[in-house]
Structures are given as C-alpha cells and as structure tokens.
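Coordinates from input_32.pdb are shown below (PDB, C-alpha atoms).
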MODEL        1
ATOM      1  CA  MET B  30     -55.168 -11.382 -73.369
ATOM      2  CA  ALA B  31     -55.869  -8.971 -76.151
ATOM      3  CA  THR B  32     -57.961  -6.057 -75.252
ATOM      4  CA  LEU B  33     -60.632  -4.331 -77.280
ATOM      5  CA  ASP B  34     -58.212  -1.613 -78.255
ATOM      6  CA  ASP B  35     -55.799  -4.200 -79.594
ATOM      7  CA  LYS B  36     -58.422  -5.765 -81.748
ATOM      8  CA  LEU B  37     -59.588  -2.368 -83.092
ATOM      9  CA  LEU B  38     -56.074  -1.179 -83.833
ATOM     10  CA  GLY B  39     -55.079  -4.508 -85.351
ATOM     11  CA  GLU B  40     -51.564  -4.647 -83.630
ATOM     12  CA  LYS B  41     -49.700  -7.962 -83.188
ATOM     13  CA  LEU B  42     -49.447  -9.308 -79.790
ATOM     14  CA  HIS B  43     -45.822 -10.520 -80.078
ATOM     15  CA  TYR B  44     -44.561  -6.952 -80.736
ATOM     16  CA  TYR B  45     -46.185  -5.649 -77.608
ATOM     17  CA  CYS B  46     -44.121  -5.269 -74.434
ATOM     18  CA  SER B  47     -45.918  -4.774 -71.214
ATOM     19  CA  SER B  48     -44.512  -2.152 -68.954
ATOM     20  CA  SER B  49     -45.816  -4.019 -65.955
ATOM     21  CA  GLU B  50     -43.469  -6.923 -66.703
ATOM     22  CA  ASP B  51     -40.454  -4.572 -66.934
ATOM     23  CA  GLU B  52     -41.359  -2.972 -63.709
ATOM     24  CA  GLY B  53     -41.662  -6.369 -62.109
ATOM     25  CA  ASN B  54     -38.253  -7.317 -63.370
ATOM     26  CA  ASP B  55     -36.738  -4.070 -62.154
ATOM     27  CA  SER B  56     -38.208  -4.564 -58.729
ATOM     28  CA  ASP B  57     -36.818  -8.098 -58.657
ATOM     29  CA  ASN B  58     -33.404  -6.857 -59.625
ATOM     30  CA  GLU B  59     -33.449  -4.250 -56.896
ATOM     31  CA  ASP B  60     -34.198  -6.899 -54.272
ATOM     32  CA  GLU B  61     -31.038  -8.927 -55.279
ATOM     33  CA  PRO B  62     -27.692  -7.671 -53.997
ATOM     34  CA  ARG B  63     -25.476  -5.935 -56.468
ATOM     35  CA  GLN B  64     -22.431  -7.886 -57.580
ATOM     36  CA  SER B  65     -19.241  -6.128 -58.575
ATOM     37  CA  SER B  66     -17.827  -6.960 -61.928
ATOM     38  CA  ALA B  67     -14.220  -6.026 -60.891
ATOM     39  CA  PRO B  68     -11.814  -8.982 -60.371
ATOM     40  CA  PRO B  69     -10.831  -9.847 -56.772
ATOM     41  CA  GLN B  70      -7.619  -8.204 -55.599
ATOM     42  CA  ALA B  71      -4.765 -10.286 -54.081
ATOM     43  CA  LEU B  72      -4.013  -9.846 -50.420
ATOM     44  CA  VAL B  73      -0.877  -7.735 -49.758
ATOM     45  CA  GLN B  74       1.473  -9.350 -47.195
ATOM     46  CA  THR B  75       3.334  -6.866 -45.094
ATOM     47  CA  PRO B  76       6.969  -7.735 -44.226
ATOM     48  CA  GLY B  77       7.700  -8.991 -40.729
ATOM     49  CA  PRO B  78      10.205  -7.424 -38.324
ATOM     50  CA  SER B  79      12.988  -9.823 -39.409
ATOM     51  CA  ASP B  80      12.506  -8.912 -43.110
ATOM     52  CA  TRP B  81      13.280  -5.222 -42.624
ATOM     53  CA  ASP B  82      15.640  -3.902 -45.286
ATOM     54  CA  GLY B  83      16.369  -0.447 -43.880
ATOM     55  CA  GLY B  84      13.122   1.171 -45.029
ATOM     56  CA  SER B  85       9.755   1.364 -43.375
ATOM     57  CA  SER B  86       6.326   0.986 -44.944
ATOM     58  CA  ASN B  87       4.782   2.613 -41.905
ATOM     59  CA  THR B  88       5.618   6.294 -41.779
ATOM     60  CA  GLY B  89       3.746   6.894 -38.570
ATOM     61  CA  PRO B  90       5.211   7.242 -35.052
ATOM     62  CA  LYS B  91       5.483   3.468 -34.612
ATOM     63  CA  GLY B  92       7.506   3.057 -37.832
ATOM     64  CA  VAL B  93       9.891   5.867 -36.896
ATOM     65  CA  LEU B  94      10.432   4.374 -33.416
ATOM     66  CA  LYS B  95      11.103   0.962 -34.932
ATOM     67  CA  ASP B  96      13.658   2.374 -37.368
ATOM     68  CA  TRP B  97      15.452   4.237 -34.581
ATOM     69  CA  ARG B  98      15.753   1.110 -32.437
ATOM     70  CA  ARG B  99      17.165  -0.898 -35.355
ATOM     71  CA  PHE B 100      19.678   1.846 -36.085
ATOM     72  CA  LYS B 101      20.897   1.876 -32.452
ATOM     73  CA  GLN B 102      21.225  -1.927 -32.489
ATOM     74  CA  LEU B 103      23.400  -1.885 -35.624
ATOM     75  CA  GLU B 104      25.487   0.933 -34.192
ATOM     76  CA  THR B 105      26.131  -1.057 -30.975
ATOM     77  CA  GLU B 106      27.129  -4.191 -32.913
ATOM     78  CA  LYS B 107      29.552  -2.212 -35.066
ATOM     79  CA  ARG B 108      31.141  -0.628 -31.975
ATOM     80  CA  GLU B 109      31.634  -4.055 -30.347
ATOM     81  CA  GLU B 110      33.321  -5.441 -33.487
ATOM     82  CA  ALA B 111      35.696  -2.474 -33.557
ATOM     83  CA  GLU B 112      36.615  -3.063 -29.889
ATOM     84  CA  LEU B 113      37.369  -6.751 -30.576
ATOM     85  CA  GLU B 114      39.632  -5.830 -33.494
ATOM     86  CA  LYS B 115      41.525  -3.330 -31.310
ATOM     87  CA  MET B 116      42.059  -5.939 -28.568
ATOM     88  CA  ALA B 117      43.361  -8.531 -31.062
ATOM     89  CA  LEU B 118      45.796  -5.998 -32.536
ATOM     90  CA  ALA B 119      47.022  -5.006 -29.059
ATOM     91  CA  GLN B 120      47.688  -8.653 -28.109
ATOM     92  CA  LYS B 121      49.566  -9.259 -31.361
ATOM     93  CA  LEU B 122      51.814  -6.259 -30.811
ATOM     94  CA  ALA B 123      52.416  -7.223 -27.180
ATOM     95  CA  LEU B 124      53.885 -10.585 -28.256
ATOM     96  CA  THR B 125      56.478  -9.049 -30.583
ATOM     97  CA  CYS B 126      57.471  -5.884 -28.759
ATOM     98  CA  ARG B 127      59.200  -5.152 -25.489
ATOM     99  CA  SER B 128      60.072  -2.024 -23.637
ATOM    100  CA  THR B 129      63.438  -0.277 -23.429
ATOM    101  CA  ASN B 130      63.845  -1.546 -19.890
ATOM    102  CA  ASP B 131      63.473  -5.132 -21.077
ATOM    103  CA  ASP B 132      66.072  -4.530 -23.797
ATOM    104  CA  GLU B 133      68.545  -3.185 -21.238
ATOM    105  CA  LYS B 134      68.019  -6.170 -18.949
ATOM    106  CA  ALA B 135      68.504  -8.620 -21.830
ATOM    107  CA  ALA B 136      71.697  -6.847 -22.943
ATOM    108  CA  GLN B 137      73.058  -6.913 -19.388
ATOM    109  CA  LYS B 138      72.278 -10.619 -19.066
ATOM    110  CA  ASP B 139      74.053 -11.395 -22.357
ATOM    111  CA  GLY B 140      77.043  -9.360 -21.211
ATOM    112  CA  ASP B 141      77.263 -11.334 -17.966
ATOM    113  CA  ILE B 142      77.138 -14.627 -19.856
ATOM    114  CA  ASP B 143      79.898 -13.514 -22.241
ATOM    115  CA  LYS B 144      82.033 -12.422 -19.309
ATOM    116  CA  GLU B 145      81.631 -15.793 -17.608
ATOM    117  CA  LEU B 146      82.553 -17.622 -20.819
ATOM    118  CA  GLU B 147      85.675 -15.497 -21.231
ATOM    119  CA  GLU B 148      86.723 -16.305 -17.679
ATOM    120  CA  LEU B 149      86.213 -20.008 -18.290
ATOM    121  CA  LEU B 150      88.209 -19.888 -21.506
ATOM    122  CA  ASP B 151      91.026 -17.932 -19.854
ATOM    123  CA  ASP B 152      91.304 -20.472 -17.050
ATOM    124  CA  GLY B 153      91.308 -23.389 -19.475
ATOM    125  CA  PHE B 154      88.434 -24.983 -17.591
ATOM    126  CA  LEU B 155      86.103 -25.124 -20.564
ATOM    127  CA  GLU B 156      88.726 -26.641 -22.851
ATOM    128  CA  ALA B 157      89.565 -29.322 -20.280
ATOM    129  CA  TYR B 158      85.880 -30.028 -19.771
ATOM    130  CA  MET B 159      85.285 -30.380 -23.509
ATOM    131  CA  GLN B 160      88.263 -32.722 -23.798
ATOM    132  CA  LYS B 161      86.959 -34.845 -20.945
ATOM    133  CA  ARG B 162      83.463 -35.011 -22.402
ATOM    134  CA  MET B 163      84.736 -35.923 -25.851
ATOM    135  CA  GLN B 164      86.913 -38.633 -24.343
ATOM    136  CA  GLU B 165      83.938 -40.023 -22.423
ATOM    137  CA  MET B 166      81.835 -40.007 -25.574
ATOM    138  CA  MET B 167      84.534 -41.814 -27.527
ATOM    139  CA  GLU B 168      84.946 -44.398 -24.778
ATOM    140  CA  SER B 169      81.198 -44.943 -24.487
ATOM    141  CA  THR B 170      81.002 -45.403 -28.250
ATOM    142  CA  GLN B 171      83.991 -47.696 -28.497
ATOM    143  CA  ASN B 172      83.358 -49.344 -25.104
ATOM    144  CA  VAL B 173      86.831 -50.871 -25.010
ATOM    145  CA  LYS B 174      89.169 -51.605 -22.127
ATOM    146  CA  ARG B 175      92.028 -49.452 -20.946
ATOM    147  CA  PHE B 176      95.441 -50.905 -20.112
ATOM    148  CA  GLY B 177      98.314 -48.393 -20.137
ATOM    149  CA  SER B 178     101.133 -50.798 -19.273
ATOM    150  CA  VAL B 179     102.902 -53.917 -20.536
ATOM    151  CA  LEU B 180     101.800 -57.276 -19.137
ATOM    152  CA  ASP B 181     104.453 -59.926 -18.418
ATOM    153  CA  LEU B 182     103.481 -63.438 -19.479
ATOM    154  CA  PHE B 183     105.349 -66.310 -17.848
ATOM    155  CA  THR B 184     103.792 -69.443 -19.374
ATOM    156  CA  GLY B 185     102.376 -70.602 -22.650
ATOM    157  CA  GLU B 186      98.948 -71.016 -21.046
ATOM    158  CA  SER B 187      98.867 -67.388 -19.903
ATOM    159  CA  PHE B 188      99.904 -66.418 -23.432
ATOM    160  CA  LEU B 189      96.920 -68.280 -24.912
ATOM    161  CA  ASP B 190      94.495 -66.995 -22.264
ATOM    162  CA  ASN B 191      95.428 -63.348 -22.815
ATOM    163  CA  VAL B 192      94.933 -63.761 -26.562
ATOM    164  CA  ASP B 193      91.855 -65.988 -26.807
ATOM    165  CA  GLN B 194      89.833 -64.639 -23.860
ATOM    166  CA  GLU B 195      90.325 -60.959 -24.633
ATOM    167  CA  ASP B 196      87.572 -58.712 -26.029
ATOM    168  CA  LYS B 197      87.155 -59.115 -29.779
ATOM    169  CA  ARG B 198      87.566 -55.363 -30.306
ATOM    170  CA  VAL B 199      90.889 -55.195 -28.450
ATOM    171  CA  THR B 200      94.177 -55.417 -30.341
ATOM    172  CA  VAL B 201      96.756 -57.579 -28.548
ATOM    173  CA  ILE B 202     100.446 -57.044 -29.357
ATOM    174  CA  VAL B 203     102.821 -59.682 -27.931
ATOM    175  CA  MET B 204     106.584 -59.203 -27.974
ATOM    176  CA  ILE B 205     108.752 -62.339 -27.920
ATOM    177  CA  TYR B 206     112.276 -61.630 -26.745
ATOM    178  CA  GLU B 207     115.466 -62.951 -25.199
ATOM    179  CA  PRO B 208     117.473 -60.750 -22.819
ATOM    180  CA  ASN B 209     120.873 -61.359 -24.395
ATOM    181  CA  VAL B 210     119.840 -60.860 -28.052
ATOM    182  CA  GLU B 211     120.524 -57.547 -29.773
ATOM    183  CA  GLY B 212     117.480 -55.309 -30.303
ATOM    184  CA  CYS B 213     115.369 -56.995 -27.598
ATOM    185  CA  SER B 214     116.168 -54.334 -24.992
ATOM    186  CA  ALA B 215     115.294 -51.529 -27.419
ATOM    187  CA  MET B 216     112.045 -53.253 -28.365
ATOM    188  CA  SER B 217     111.117 -53.738 -24.705
ATOM    189  CA  GLY B 218     111.583 -50.037 -23.946
ATOM    190  CA  SER B 219     109.657 -49.048 -27.097
ATOM    191  CA  ILE B 220     106.528 -51.016 -26.238
ATOM    192  CA  GLU B 221     106.676 -49.625 -22.701
ATOM    193  CA  CYS B 222     106.349 -46.117 -24.176
ATOM    194  CA  LEU B 223     103.671 -47.160 -26.666
ATOM    195  CA  ALA B 224     101.588 -48.831 -23.926
ATOM    196  CA  THR B 225     101.206 -45.504 -22.106
ATOM    197  CA  GLU B 226     100.210 -43.742 -25.323
ATOM    198  CA  TYR B 227      97.858 -46.375 -26.801
ATOM    199  CA  VAL B 228      95.908 -47.254 -23.676
ATOM    200  CA  ASN B 229      93.240 -49.194 -25.599
ATOM    201  CA  VAL B 230      95.833 -51.595 -27.038
ATOM    202  CA  LYS B 231      96.996 -54.528 -24.928
ATOM    203  CA  PHE B 232     100.784 -54.896 -24.946
ATOM    204  CA  CYS B 233     102.342 -58.100 -23.605
ATOM    205  CA  LYS B 234     105.830 -59.624 -23.580
ATOM    206  CA  ILE B 235     107.030 -63.178 -23.046
ATOM    207  CA  LEU B 236     110.341 -64.985 -23.169
ATOM    208  CA  SER B 237     110.807 -67.327 -26.095
ATOM    209  CA  THR B 238     111.726 -70.119 -23.671
ATOM    210  CA  ALA B 239     108.476 -69.620 -21.699
ATOM    211  CA  ALA B 240     106.488 -69.735 -24.971
ATOM    212  CA  GLY B 241     108.110 -73.115 -25.823
ATOM    213  CA  LEU B 242     109.754 -71.950 -29.058
ATOM    214  CA  SER B 243     112.703 -73.724 -30.714
ATOM    215  CA  LYS B 244     116.364 -72.850 -30.173
ATOM    216  CA  HIS B 245     116.625 -71.708 -33.785
ATOM    217  CA  PHE B 246     113.839 -69.143 -33.228
ATOM    218  CA  LYS B 247     115.493 -67.982 -30.005
ATOM    219  CA  ALA B 248     118.679 -67.261 -31.864
ATOM    220  CA  SER B 249     117.409 -65.787 -35.136
ATOM    221  CA  GLY B 250     113.698 -64.862 -34.680
ATOM    222  CA  VAL B 251     113.736 -62.372 -31.798
ATOM    223  CA  PRO B 252     112.767 -59.650 -31.182
ATOM    224  CA  ALA B 253     109.381 -60.548 -32.713
ATOM    225  CA  LEU B 254     105.961 -58.915 -32.593
ATOM    226  CA  LEU B 255     102.729 -60.921 -32.919
ATOM    227  CA  ILE B 256      99.480 -58.976 -33.338
ATOM    228  CA  TYR B 257      96.125 -60.628 -32.534
ATOM    229  CA  ARG B 258      92.525 -59.477 -32.746
ATOM    230  CA  ALA B 259      89.490 -61.591 -31.802
ATOM    231  CA  GLY B 260      91.841 -64.544 -31.266
ATOM    232  CA  GLN B 261      93.120 -64.384 -34.859
ATOM    233  CA  LEU B 262      96.698 -63.625 -35.884
ATOM    234  CA  MET B 263      96.649 -60.331 -37.779
ATOM    235  CA  GLY B 264     100.388 -59.819 -38.224
ATOM    236  CA  SER B 265     103.641 -61.609 -37.494
ATOM    237  CA  PHE B 266     106.923 -59.657 -37.633
ATOM    238  CA  VAL B 267     110.025 -61.662 -36.695
ATOM    239  CA  ARG B 268     113.579 -60.417 -36.338
ATOM    240  CA  MET B 269     112.568 -56.738 -36.219
ATOM    241  CA  THR B 270     116.188 -55.708 -36.348
ATOM    242  CA  ASP B 271     116.156 -56.471 -40.088
ATOM    243  CA  GLN B 272     113.653 -53.599 -40.620
ATOM    244  CA  LEU B 273     114.649 -51.226 -37.798
ATOM    245  CA  GLY B 274     118.299 -52.026 -37.107
ATOM    246  CA  ASP B 275     119.869 -52.750 -33.760
ATOM    247  CA  ASP B 276     119.328 -49.199 -32.419
ATOM    248  CA  PHE B 277     115.781 -47.870 -32.764
ATOM    249  CA  PHE B 278     113.234 -45.882 -30.749
ATOM    250  CA  ALA B 279     109.549 -45.923 -29.822
ATOM    251  CA  ASN B 280     108.492 -43.650 -32.679
ATOM    252  CA  ASP B 281     110.210 -46.015 -35.165
ATOM    253  CA  VAL B 282     108.175 -48.965 -33.889
ATOM    254  CA  GLU B 283     105.019 -46.836 -33.867
ATOM    255  CA  SER B 284     105.470 -45.729 -37.485
ATOM    256  CA  PHE B 285     106.146 -49.326 -38.538
ATOM    257  CA  LEU B 286     102.958 -50.631 -36.904
ATOM    258  CA  ILE B 287     100.818 -47.746 -38.227
ATOM    259  CA  GLU B 288     102.181 -48.330 -41.725
ATOM    260  CA  HIS B 289     101.095 -51.973 -41.560
ATOM    261  CA  GLY B 290      97.693 -51.071 -40.081
ATOM    262  CA  MET B 291      98.341 -52.611 -36.674
ATOM    263  CA  LEU B 292      97.873 -49.361 -34.700
ATOM    264  CA  PRO B 293      95.243 -46.606 -35.148
ATOM    265  CA  ASN B 294      96.523 -43.403 -36.725
ATOM    266  CA  LYS B 295      96.542 -40.425 -34.360
ATOM    267  CA  GLU B 296      95.446 -38.129 -37.182
ATOM    268  CA  ASP B 297      92.071 -39.912 -37.192
ATOM    269  CA  VAL B 298      91.441 -38.872 -33.565
ATOM    270  CA  PRO B 299      90.332 -35.244 -32.859
ATOM    271  CA  SER B 300      93.075 -33.075 -31.373
ATOM    272  CA  ILE B 301      90.917 -32.149 -28.379
ATOM    273  CA  ILE B 302      90.927 -35.839 -27.400
ATOM    274  CA  ARG B 303      94.611 -36.426 -28.162
ATOM    275  CA  GLY B 304      95.613 -33.455 -26.032
ATOM    276  CA  PRO B 305      99.200 -32.169 -25.955
ATOM    277  CA  ALA B 306     102.014 -34.339 -27.186
ATOM    278  CA  ILE B 307     103.695 -36.531 -24.621
ATOM    279  CA  GLY B 308     107.027 -34.899 -24.077
ATOM    280  CA  ASN B 309     109.209 -33.339 -26.754
ATOM    281  CA  ASP B 310     111.183 -34.892 -29.558
ATOM    282  CA  ASP B 311     114.267 -35.339 -27.414
ATOM    283  CA  ASP B 312     112.332 -37.292 -24.782
ATOM    284  CA  SER B 313     110.606 -39.533 -27.341
ATOM    285  CA  ASP B 314     113.811 -40.260 -29.201
ATOM    286  CA  VAL B 315     115.797 -41.383 -26.176
ATOM    287  CA  SER B 316     117.756 -44.497 -26.849
ATOM    288  CA  LEU B 317     116.236 -47.474 -25.061
ATOM    289  CA  GLU B 318     119.118 -49.844 -25.252
TER     290      GLU B 318
ENDMDL
END
Take the structure from the file and write it as structure tokens.
Amino acid sequence: MATLDDKLLGEKLHYYCSSSEDEGNDSDNEDEPRQSSAPPQALVQTPGPSDWDGGSSNTGPKGVLKDWRRFKQLETEKREEAELEKMALAQKLALTCRSTNDDEKAAQKDGDIDKELEELLDDGFLEAYMQKRMQEMMESTQNVKRFGSVLDLFTGESFLDNVDQEDKRVTVIVMIYEPNVEGCSAMSGSIECLATEYVNVKFCKILSTAAGLSKHFKASGVPALLIYRAGQLMGSFVRMTDQLGDDFFANDVESFLIEHGMLPNKEDVPSIIRGPAIGNDDDSDVSLE
C-alpha cells in the first residue's frame, strides 16, 4: 500500500523496490544449497596390474616395490630362455661331432674290414662266392632244368615223350645217326662235349632205325640234328657233313648252332657266371672220329 510519504512526494508505485523483498529473497537463496556451475569431470580409470607398460603411476613405496618385482620376473624369464637355447645348441652339436677317440676307433674298425676283404680276395673265396650267387640268381630267374649229358633214345615213343613232355623253356637237340656212316662218330663226340658245357640244353641221340626212318634217309640224311622247343620243330639240319665236312670238332658244331640261333651265345652271359674256359684250344679241338 502507498504510504502518506508516497502520496506527498507523488512517486509511482511501480518504480519502487522494497528492500524487505530483496532481503527475503537473499535469505531464501542462502537457505538453498549452492550449485556449482562447472561441468562434471569424467572418472579416471587407473590401469590394472596386467596393463603395466613399464612405468608406474604410483611413485610411492608400493609402486616402487611393484616395479622391482616385475623387473625380477622379466629377468628370470629371460635367463630361462637363454638356458633353453644353450641346451638346444649343445644337443645339435653333439649329434654331428665326435671325439678323437671315436675317430680312432672308427678308423681301426675300417682298417680291420679292409684287411679281411683283402684276405678274402687273395684266397679267391669272395670271387667264388660271387660266382655261385650269380649262378643261383640266374637259375632262379630262368628256373630251367639241368642235364649235362646226352640221353640215349631207343624207341620212337621215347623220342616223342622227350620232345613233347619237356618244359617249354628247354631246348631239345636230337641227333639222328648211324654207326657206319661217315661224320656220325664225330657228331656224337661233339654233342657229348656240348652237353657238359650247355647244361640247360637237353641233348639226345637216336638211331635212324629206332626212329623208324626210311632207308634212303639212313644212307643220305645222317648225321642230322633236329632242334625242338615247346614241342615245336625249330630247326632241321640233315647231312651235316655237307656244311662241316667229314672231320669236324665240337667248336665247329657249336658255332654252327649259335649262328642259326639254336644255342645261346656265351657273350650274353656274364664272365663271372661262365667261369674259366673248359680246357685249352688243343683239348677242345681234339678229333672225335
């Protein structure tokens, strides 16, 4: 309300500010808690023990003790890794190196082996053993029969049986002869020699009369050689005296059969299997009349 003074002075009420209202407002403001106008600060997260990067945010006694323990742990791990590397290197070197004593023992052992081999070679034992083994290997590979002598056939049936029932891989050479015909005696002695040399070839002989041949063949066809393999006639050579003459030897018959492919060539067989030659030239060229 306007007072008497206000009316006398003529002042406007709306320009007047009561000090009592300001004081009331000030007292009200003092009762309310003061609020800070600064923005809220974010919470700082301290690193955990596993996130330590070599530095320490705590410089007090606890931080120093923590740093010292971590340093000793890293030092121990590094020492263990170095020990493992040394052990691996030592094992690697142990596999590739040996002592002087081991070298001397190895050299002595090699010397003893060489000495034994020289003794074997001097005695000819090793060469004979190699020849035997090679012969066994050849026989096991070929798997053929061994004969070594001439078989006498007395009938036509035995002639057919020895040809037809023989192994298919065996070569059968049959000589047809007559005792009183020229060249038959020489041919008989020649196949006797060849039978001992070609032991895998079957040599047989039969009289022309026992084989049931004609009189004309008896007179003009002997000595004859018939070669069979797997029951089939591979070669037929009659009147051999026309090619070899009346006086011939085992090596002449051998060369003739090798030339016609009826006998295996000795040059195709290793020398260690052939062995030394059977006799000398004088013995092999003896007349067999």
Taking every listed atom of range 91-107 of chain B and adding 5 Å to each side, what centre and edge lengths in Å (one decimal) does the axis-aligned box have, as JSON?
{"center_x": 17.5, "center_y": 0.8, "center_z": -34.4, "size_x": 34.1, "size_y": 20.1, "size_z": 16.9}
Original post:
Expanded to explicit residues, what is the PyMOL selection byres ((chain B and resi 249) around 12) for this file, as a PyMOL selection string?
Top reply: chain B and resi 205-207+210-213+237+242-248+250-253+267-271
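With CA of Phe100 in chain B on one side and CA of Lys115 in chain B on the other, the separation reads 23.0 Å.
Taken over the shown file, the PyMOL selection byres ((chain B and resi 232) around 8) identifies B:Ser178, B:Val179, B:Leu180, B:Val201, B:Ile202, B:Val203, B:Met204, B:Ile220, B:Ala224, B:Val230, B:Lys231, B:Cys233, B:Lys234.
For the atom pair formed by CA of Ser217 in chain B and CA of Phe278 in chain B, the distance is 10.1 Å, given to one decimal.
Residues with any atom within 10 Å of Arg175 in chain B, counting only C-alpha atoms and excluding same-chain neighbours fewer than 4 positions away, are Glu168, Val199, Tyr227, Val228, Asn229, Val230 and Lys231 of chain B.
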**OP:** Point out the residue among B:Ser128, B:Thr200, B:Asn280, B:Asn209 with the least atom-to-atom distance to Arg258 in chain B, counting all atoms listed in the file.
**Re:** B:Thr200
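CA of Glu226 in chain B is positioned 17.3 Å from CA of Met163 in chain B.
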**OP:** Would you please work out which residue, of B:Gln164, B:Asp181, B:Leu118, B:Asp193, is nearest to Ala259 in chain B when using only C-alpha atoms?
**Re:** B:Asp193
